[in-house]
Structure formats: structure tokens, C-alpha cells
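> Supplied in C-alpha cells, the structure appears directly below.
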Amino acid sequence: MAMAGLYRRLLPSPPAIDFASSQGKKLFVEAIQGGTMEGFFKLISYFQTQSEPAYCGLASLAMVLNALAVDPGRKWKGPWRWFDESMLDCCEPLDKVKTKGISFDKVVCLAQCAGTKVKAFHTNHSTLDDFRKYVKACSASEDCHVISSYHRGTFKQTGEGHFSPIGGYHAGRDMALILDVARFKYPPHWVPLSLLWDAMNTLDQSSGHHRGFMLISRLHRSPALLYTLSCKHDSWASTAKYLVEDVPLLLGLKEVEDVKNILSIVVNSLPSKFADFIKWIAEVRRQEDVDESLSQEEKGRLAVKEEVLRQVQEIGLYKHVKDFLSSEISCCHSVVSLSSEESLSLVAADICCQGAGLMKGSCRSSISFCCSETGIKCIRTKENKSITMISGKVVNGNDEQQVDVLVPSSQTVSCSGSCPSSYKVLHPANSDVLTALLLALPPETWSGIKNKMLLQEIHNLVSTENLPNLLQEEVLHLRGQLLALKRCKDNKLEEELSAPVF
């Protein structure tokens, strides 16, 4: 029985020039000589075909993130950390993207969630000359890549809205190379830059906004050292709204007398799933993949996390939060589960199950994983430093694996070998996680406090200006995540796309 189907499309030329044609090759050589193909080689090394007809935005972003060597911080398959379309789901459910595609603003949101520096423009907020300047600059660098959102019809191609990275620029002919991620349909091709601008300068009917372009580059540091915001649970939208919108209103409506009173107002009205919104980051290792010793890379990452933890626990706000969470005033409503200190043995099983889930590529939940055994032990490095490690046996059906989790910590006593349950480890807990989030709230959060002396006191406690450099970077990154997620929720990225996140 015959089956209908399509095998590629003939590339309309003009206006496009096939990259593999003799003319396309000539343009390529000339552009290399002109120095505007530097970004091409990184991109082509990670060129991929979108795995679903509507995944062009996800495929373009995954390609750019891998070209920039951004570490996703979680496993793709097996032990490998790698960006795949299936991992880009923090701003829009994949099922929705699969059926309806994704908007320009949501791709910007995804890029920010992935920990990159993003500068994005809708065409009604930019010009052709600016676009040319950015394309030329990024094409001459390995550290910045451009993703374009455009309408195919302008090039006489079939289809409508589409995303693809720009692989290079030919200055003499003023042409851009589009690395079309729908490789099953069209090959990479050169197009006149002015015509690409026209293709971007169209309305996306689903959002009502103009299409545009975004510049994506690496941050100069790890995107999240110890803390990060999570969008993996449906409650993230209500939590982001509460923190950015509701908290300032609550503080303005109520008479507050001291810092403890402020914390009571903020914390006791937290959404019930607040704990799913901000996480501290542990490093997971499968025991069969590594021996007990730590690599220099692992030691370095762990040392940075421990330094951030130490810096959090030394600031004045942390002491207020710790005292508050230990008091009776916090023992109600949504914070009944919060305490200033958590036993490491209580969180060990959950961490190991989450780690096993990541190893299996299941980033959504660890419910199906049962931790039958957990233990806390210390290993001593060659530098005579004690490292806290949680080891667990995780069972999922007939599958069983041994998982190690490296926990950033500060230890009050030294030890060697296995650690007894009473061993005191100051690992990340609710008190420092909440402190980090309070520091990350926008400065205007507190402006509604009527008591001027108290307002000055809270400003001094939450100010980022005098924080140590590592902690300051961590807090500003969290703030950028929070504001980006709030704008994403409200579909208002249009208003602040070109503004720096932090």
C-alpha cells in the first residue's frame, strides 16, 4: 500500500544560495578570508536536525548551548551532560511545543534558564543597521552566536515561522548563512541580510509580537554555583508571582515592627510548593563510573560551593533567618516543614533518588526511585581535606544502582572513614537557601515598609553591594532568573528583552 510523504524541498534560489553549491562554497571561502566565519566552526560541530516538526526553537538553542560549551549540570543519557531538545522544558511544556511550537520570548526565557547571557530584540525595537552590526560581530567571534526568528515566506520557502542559528556573514555581498535546523526540509543557505531582516520584521500571529533575533554568549562564571531556581513543577509560576508582586503588597499593607515581623509576613504566606522553586545543587556520581577519589575538577567545583555556603552563613540576614525558622512564629501554614537545620541523614535518601533519576535522564521526578540504603561518609583528599559524601543504593523496579552525592559542607569536627549519624555537617539547609532567595528579591520589594528605621535596617541586610564577590554573583544570578521567569509567566518579555538581566 502506498504511503504519502515528503522527501525534502527544493530550495528556492534566488533569493537563497545553497551552501553546498559552487556559489555557496565561493561565498564561504571569501567570508573566511574576511574573518566573519569564526563562529561557524563551533556551530557546525554541533549542528543538529530538529527532532520534531515544531522543535526548531529548541533545536537552535540546544545547538548554540553546546557550541558555547555550556554545562547543563544534569545528565542527558548515561553519564553524559549534554543539551538536548528534551531538556529545554523549563519555560514551556514539551507537549505544548510539540503541537504549537514556541514563541520568541519563550526561547529567550529558555536561554536564560540555561545560564547564558542573552541580549534579544524584536525588530520593532531594533534596526537593520544594528542587526548587521551584531551579526558581523558575532560571526567574527567564537563566543557569541545569533539565533534568528523569521517567516519562511519571505524567502519563497514553504512554512511560516521558523528559528535557526546564523552561521556566518559575507560582508562584501551583505549575506548571512542560515544553518537551517530543519535539515530534512532545506539545506544550509545564504540569504541577503536585508531580506532576512524583512523575514524577521513580521508579526507572529500566536503572540501578536514581532519576530526578531537574540545574541547568546557564555557567562564569565558558572551559571549557578550553589543555588538555582527550578521550573520543573507547575507551582513555579505562582511562586514567582508571589515573590515579585505579592510580597511588596503585603509589606505595604501591614504594620511591621522588626525584621522578625518582616520574615513572618514573607515566609508564612509562601505557596505550599515553595520548596520546589529554589534548590541547592549537589554533584551526583554513579559509583561504577568513578572511584572514590575526586578529580581536580570535582574538587574545584565543590570548593567554590563550600565558599558560597560559608559566605551566606556569615552575613547578618542569615542569622535573622536562622533564628526566625527556629522560633515558634514560623511553625504554621506553609512553612511547617521548614526548620533552620535539617539532619543530613533525612535528606540523604531524597538526594540519592534525585541523583538516580538524573542518571536515568528522568529530570521530572524521583518518585519511581526507592532508596533502600543510604550512608554518610567522609573521604580525605591528598590535600588532607575532609569531603562529605552521601552514598545510596537506589532501586527502580529490577534496576539497582549505587550513587554517590558530593555535598558542599562546613564541618565542625574532623573525621575519617564512615561518619556516625551524630556527625555534625553544616550542609545547605532551609535557612541559607531562604537567605539567598531573600537577597535575590528586587530591591524595591521592601519599599512599602512604613517604618523608616526598619526600612533602612532591612536595606542594609539585603543589599548586594557589600557582599563578597562569589555570593554577590550568586545572588544577582538568582535575581536575574527570578525576574526572567516572572516576565516569562506574564508574557511581558517584550517590554524588557534588551535590558540586562543583572
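In the C-alpha cells, chains take the letters A, B, ... in the order shown, each chain's residues start at 1, and ligands count up from 1 in the order shown.
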Would you list the contacts of segment 243-259 of chain A as a list in words, taking every protein, DNA or RNA residue within 6 Å and counting only C-alpha atoms, but skipping same-chain residues closer than 3 positions in sequence?
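Residues meeting the cut-off are Ala240, Ile262, Thr445, Gly448 and Ile449 of chain A.
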> I want to know what sits within 12 Å of Ile32 of chain A, based on only C-alpha atoms, with residues of the same chain fewer than 5 positions away left out; could you give that as a PyMOL selection string?
chain A and resi 25-27+37-41+139-140+167-172
> Dump N, CA, C and O atoms for the selected residues as a PDB file, in the first residue's frame?

ATOM      1  N   LYS A  25      29.935  27.760  -1.902  1.00  0.00           N
ATOM      2  CA  LYS A  25      31.300  27.480  -1.452  1.00  0.00           C
ATOM      3  C   LYS A  25      32.196  28.702  -1.636  1.00  0.00           C
ATOM      4  O   LYS A  25      33.047  29.004  -0.788  1.00  0.00           O
ATOM      5  N   LYS A  26      32.006  29.396  -2.753  1.00  0.00           N
ATOM      6  CA  LYS A  26      32.794  30.596  -3.026  1.00  0.00           C
ATOM      7  C   LYS A  26      32.534  31.672  -1.961  1.00  0.00           C
ATOM      8  O   LYS A  26      33.457  32.300  -1.440  1.00  0.00           O
ATOM      9  N   LEU A  27      31.263  31.845  -1.617  1.00  0.00           N
ATOM     10  CA  LEU A  27      30.912  32.806  -0.565  1.00  0.00           C
ATOM     11  C   LEU A  27      31.559  32.405   0.767  1.00  0.00           C
ATOM     12  O   LEU A  27      32.037  33.254   1.523  1.00  0.00           O
ATOM     13  N   MET A  37      33.639  34.211   9.706  1.00  0.00           N
ATOM     14  CA  MET A  37      33.132  32.835   9.813  1.00  0.00           C
ATOM     15  C   MET A  37      33.694  32.141  11.045  1.00  0.00           C
ATOM     16  O   MET A  37      33.679  30.914  11.134  1.00  0.00           O
ATOM     17  N   GLU A  38      34.191  32.913  12.001  1.00  0.00           N
ATOM     18  CA  GLU A  38      34.819  32.321  13.184  1.00  0.00           C
ATOM     19  C   GLU A  38      33.833  31.499  14.006  1.00  0.00           C
ATOM     20  O   GLU A  38      34.176  30.471  14.574  1.00  0.00           O
ATOM     21  N   GLY A  39      32.611  31.977  14.101  1.00  0.00           N
ATOM     22  CA  GLY A  39      31.619  31.244  14.887  1.00  0.00           C
ATOM     23  C   GLY A  39      31.102  30.003  14.199  1.00  0.00           C
ATOM     24  O   GLY A  39      30.523  29.115  14.843  1.00  0.00           O
ATOM     25  N   PHE A  40      31.301  29.909  12.899  1.00  0.00           N
ATOM     26  CA  PHE A  40      30.765  28.801  12.106  1.00  0.00           C
ATOM     27  C   PHE A  40      31.259  27.448  12.588  1.00  0.00           C
ATOM     28  O   PHE A  40      30.491  26.490  12.705  1.00  0.00           O
ATOM     29  N   PHE A  41      32.542  27.349  12.880  1.00  0.00           N
ATOM     30  CA  PHE A  41      33.144  26.044  13.143  1.00  0.00           C
ATOM     31  C   PHE A  41      32.638  25.413  14.440  1.00  0.00           C
ATOM     32  O   PHE A  41      32.446  24.199  14.515  1.00  0.00           O
ATOM     33  N   SER A 139      29.709  36.835  14.155  1.00  0.00           N
ATOM     34  CA  SER A 139      30.314  35.957  13.150  1.00  0.00           C
ATOM     35  C   SER A 139      31.834  35.997  13.195  1.00  0.00           C
ATOM     36  O   SER A 139      32.503  35.074  12.734  1.00  0.00           O
ATOM     37  N   ALA A 140      32.377  37.069  13.774  1.00  0.00           N
ATOM     38  CA  ALA A 140      33.832  37.197  13.900  1.00  0.00           C
ATOM     39  C   ALA A 140      34.336  36.667  15.234  1.00  0.00           C
ATOM     40  O   ALA A 140      35.504  36.832  15.577  1.00  0.00           O
ATOM     41  N   GLY A 167      25.093  31.180  10.864  1.00  0.00           N
ATOM     42  CA  GLY A 167      26.406  30.553  10.917  1.00  0.00           C
ATOM     43  C   GLY A 167      27.558  31.416  10.451  1.00  0.00           C
ATOM     44  O   GLY A 167      28.719  31.067  10.645  1.00  0.00           O
ATOM     45  N   GLY A 168      27.274  32.548   9.818  1.00  0.00           N
ATOM     46  CA  GLY A 168      28.358  33.398   9.335  1.00  0.00           C
ATOM     47  C   GLY A 168      27.822  34.558   8.517  1.00  0.00           C
ATOM     48  O   GLY A 168      26.610  34.679   8.281  1.00  0.00           O
ATOM     49  N   TYR A 169      28.732  35.397   8.057  1.00  0.00           N
ATOM     50  CA  TYR A 169      28.341  36.616   7.334  1.00  0.00           C
ATOM     51  C   TYR A 169      29.368  36.909   6.243  1.00  0.00           C
ATOM     52  O   TYR A 169      30.578  36.770   6.453  1.00  0.00           O
ATOM     53  N   HIS A 170      28.877  37.304   5.069  1.00  0.00           N
ATOM     54  CA  HIS A 170      29.738  37.721   3.962  1.00  0.00           C
ATOM     55  C   HIS A 170      29.570  39.228   3.812  1.00  0.00           C
ATOM     56  O   HIS A 170      28.521  39.714   3.363  1.00  0.00           O
ATOM     57  N   ALA A 171      30.599  39.976   4.190  1.00  0.00           N
ATOM     58  CA  ALA A 171      30.486  41.431   4.230  1.00  0.00           C
ATOM     59  C   ALA A 171      30.355  42.026   2.831  1.00  0.00           C
ATOM     60  O   ALA A 171      29.580  42.971   2.613  1.00  0.00           O
ATOM     61  N   GLY A 172      31.100  41.490   1.861  1.00  0.00           N
ATOM     62  CA  GLY A 172      31.083  42.048   0.516  1.00  0.00           C
ATOM     63  C   GLY A 172      29.731  41.943  -0.153  1.00  0.00           C
ATOM     64  O   GLY A 172      29.292  42.868  -0.857  1.00  0.00           O
TER      65      GLY A 172
END
> What lies within 7 Å of Trp82 of chain A using only C-alpha atoms, ignoring chain neighbours under 2 positions off, as a ChimeraX atom specification?
/A:71-72,75-76,80,84
> Print the selection's residues with N, CA, C and O atoms to a file, as a tab-separated table (two decimals), in the first residue's frame.

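Output (selection-v6.tsv):
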chain	number	residue	atom	x	y	z
A	71	ASP	N	27.61	23.85	30.34
A	71	ASP	CA	27.33	22.59	31.05
A	71	ASP	C	25.91	22.64	31.60
A	71	ASP	O	25.59	23.50	32.42
A	72	PRO	N	25.02	21.73	31.16
A	72	PRO	CA	23.64	21.77	31.67
A	72	PRO	C	23.51	21.40	33.14
A	72	PRO	O	22.47	21.64	33.75
A	75	LYS	N	22.35	15.14	33.66
A	75	LYS	CA	22.68	14.14	32.66
A	75	LYS	C	21.69	14.17	31.49
A	75	LYS	O	20.51	14.41	31.65
A	76	TRP	N	22.23	13.89	30.32
A	76	TRP	CA	21.40	13.66	29.13
A	76	TRP	C	21.08	12.17	29.05
A	76	TRP	O	19.97	11.74	29.30
A	80	TRP	N	26.55	11.25	30.60
A	80	TRP	CA	26.90	12.43	29.81
A	80	TRP	C	25.98	13.61	30.08
A	80	TRP	O	24.76	13.50	30.01
A	84	ASP	N	20.05	18.64	25.04
A	84	ASP	CA	19.18	18.02	24.05
A	84	ASP	C	17.84	18.76	24.10
A	84	ASP	O	17.49	19.36	25.13
> Check the smallest atom-to-atom distance from each of A:Asp404, A:Asp323, A:Glu314, A:Glu444 to Pro468 of chain A using only C-alpha atoms, then report the winner.
A:Glu314
> For each of A:Ser126, A:Glu92, A:Val433, A:Ser13, take the minimum atom-to-atom distance to Leu317 of chain A, counting only C-alpha atoms, then give the residue where this is smallest.
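With only C-alpha atoms as the atom set, the closest residue is A:Val433.
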> For Gly57 of chain A, which of A:Leu43, A:Ala182, A:Asp174, A:Ala137 is the closest residue, counting only C-alpha atoms?
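Distance minimum relative to Gly57 of chain A lands on A:Ala182.
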> If you measure from atom CA of Val266 of chain A to atom CA of Arg487 of chain A, what distance in Å do you get, rounded to one decimal?
21.2 Å
> Quick one: residues within 6 Å of segment 203-219 of chain A, only C-alpha atoms counted, chain neighbours fewer than 3 positions away excluded, as an MDAnalysis selection string?
chainID A and resid 116:123 143:149 200
> Between A:Ser86, A:Asn451, A:Gln481, A:Asn261, which one has atoms that come closest to Ser51 of chain A, using only C-alpha atoms?
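Among A:Ser86, A:Asn451, A:Gln481, A:Asn261, it is A:Ser86 that comes nearest to Ser51 of chain A.
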> Write out as a ChimeraX atom specification each polymer residue whose atoms come within 12 Å of Asp129 of chain A, counting only C-alpha atoms; drop sequence neighbours fewer than 3 positions from it.
/A:123,126,132-136,174,193-194,197
> Store the residues of this selection in a file with N, CA, C and O atoms, as a compact mmCIF listing (two decimals), in the first residue's frame.

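Below is the file that was written, part.txt:
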# COMPACT_ATOMS: atom_id res chain seq x y z
N THR A 123 12.11 43.10 16.19
CA THR A 123 12.52 44.03 15.14
C THR A 123 11.96 45.43 15.33
O THR A 123 12.57 46.40 14.88
N SER A 126 14.56 47.46 17.16
CA SER A 126 15.91 47.47 16.62
C SER A 126 15.87 48.01 15.20
O SER A 126 14.82 48.46 14.72
N ARG A 132 22.82 44.18 11.44
CA ARG A 132 24.04 43.91 10.67
C ARG A 132 25.28 43.99 11.57
O ARG A 132 26.18 43.14 11.49
N LYS A 133 25.30 44.99 12.43
CA LYS A 133 26.44 45.16 13.35
C LYS A 133 26.59 43.94 14.26
O LYS A 133 27.70 43.42 14.46
N TYR A 134 25.48 43.46 14.81
CA TYR A 134 25.54 42.31 15.73
C TYR A 134 25.92 41.03 14.99
O TYR A 134 26.70 40.22 15.50
N VAL A 135 25.35 40.81 13.82
CA VAL A 135 25.67 39.60 13.05
C VAL A 135 27.15 39.59 12.69
O VAL A 135 27.83 38.56 12.81
N LYS A 136 27.67 40.73 12.25
CA LYS A 136 29.08 40.82 11.87
C LYS A 136 29.98 40.55 13.08
O LYS A 136 30.96 39.81 12.99
N ASP A 174 26.93 41.23 1.69
CA ASP A 174 25.94 41.50 2.74
C ASP A 174 24.94 40.35 2.84
O ASP A 174 23.72 40.53 2.76
N LEU A 193 21.14 39.76 3.81
CA LEU A 193 20.85 40.15 5.20
C LEU A 193 19.62 41.04 5.27
O LEU A 193 18.81 40.91 6.19
N SER A 194 19.46 41.94 4.30
CA SER A 194 18.30 42.83 4.33
C SER A 194 17.00 42.05 4.16
O SER A 194 15.97 42.39 4.75
N TRP A 197 16.22 40.41 7.42
CA TRP A 197 15.58 41.41 8.29
C TRP A 197 14.09 41.51 7.97
O TRP A 197 13.26 41.55 8.88
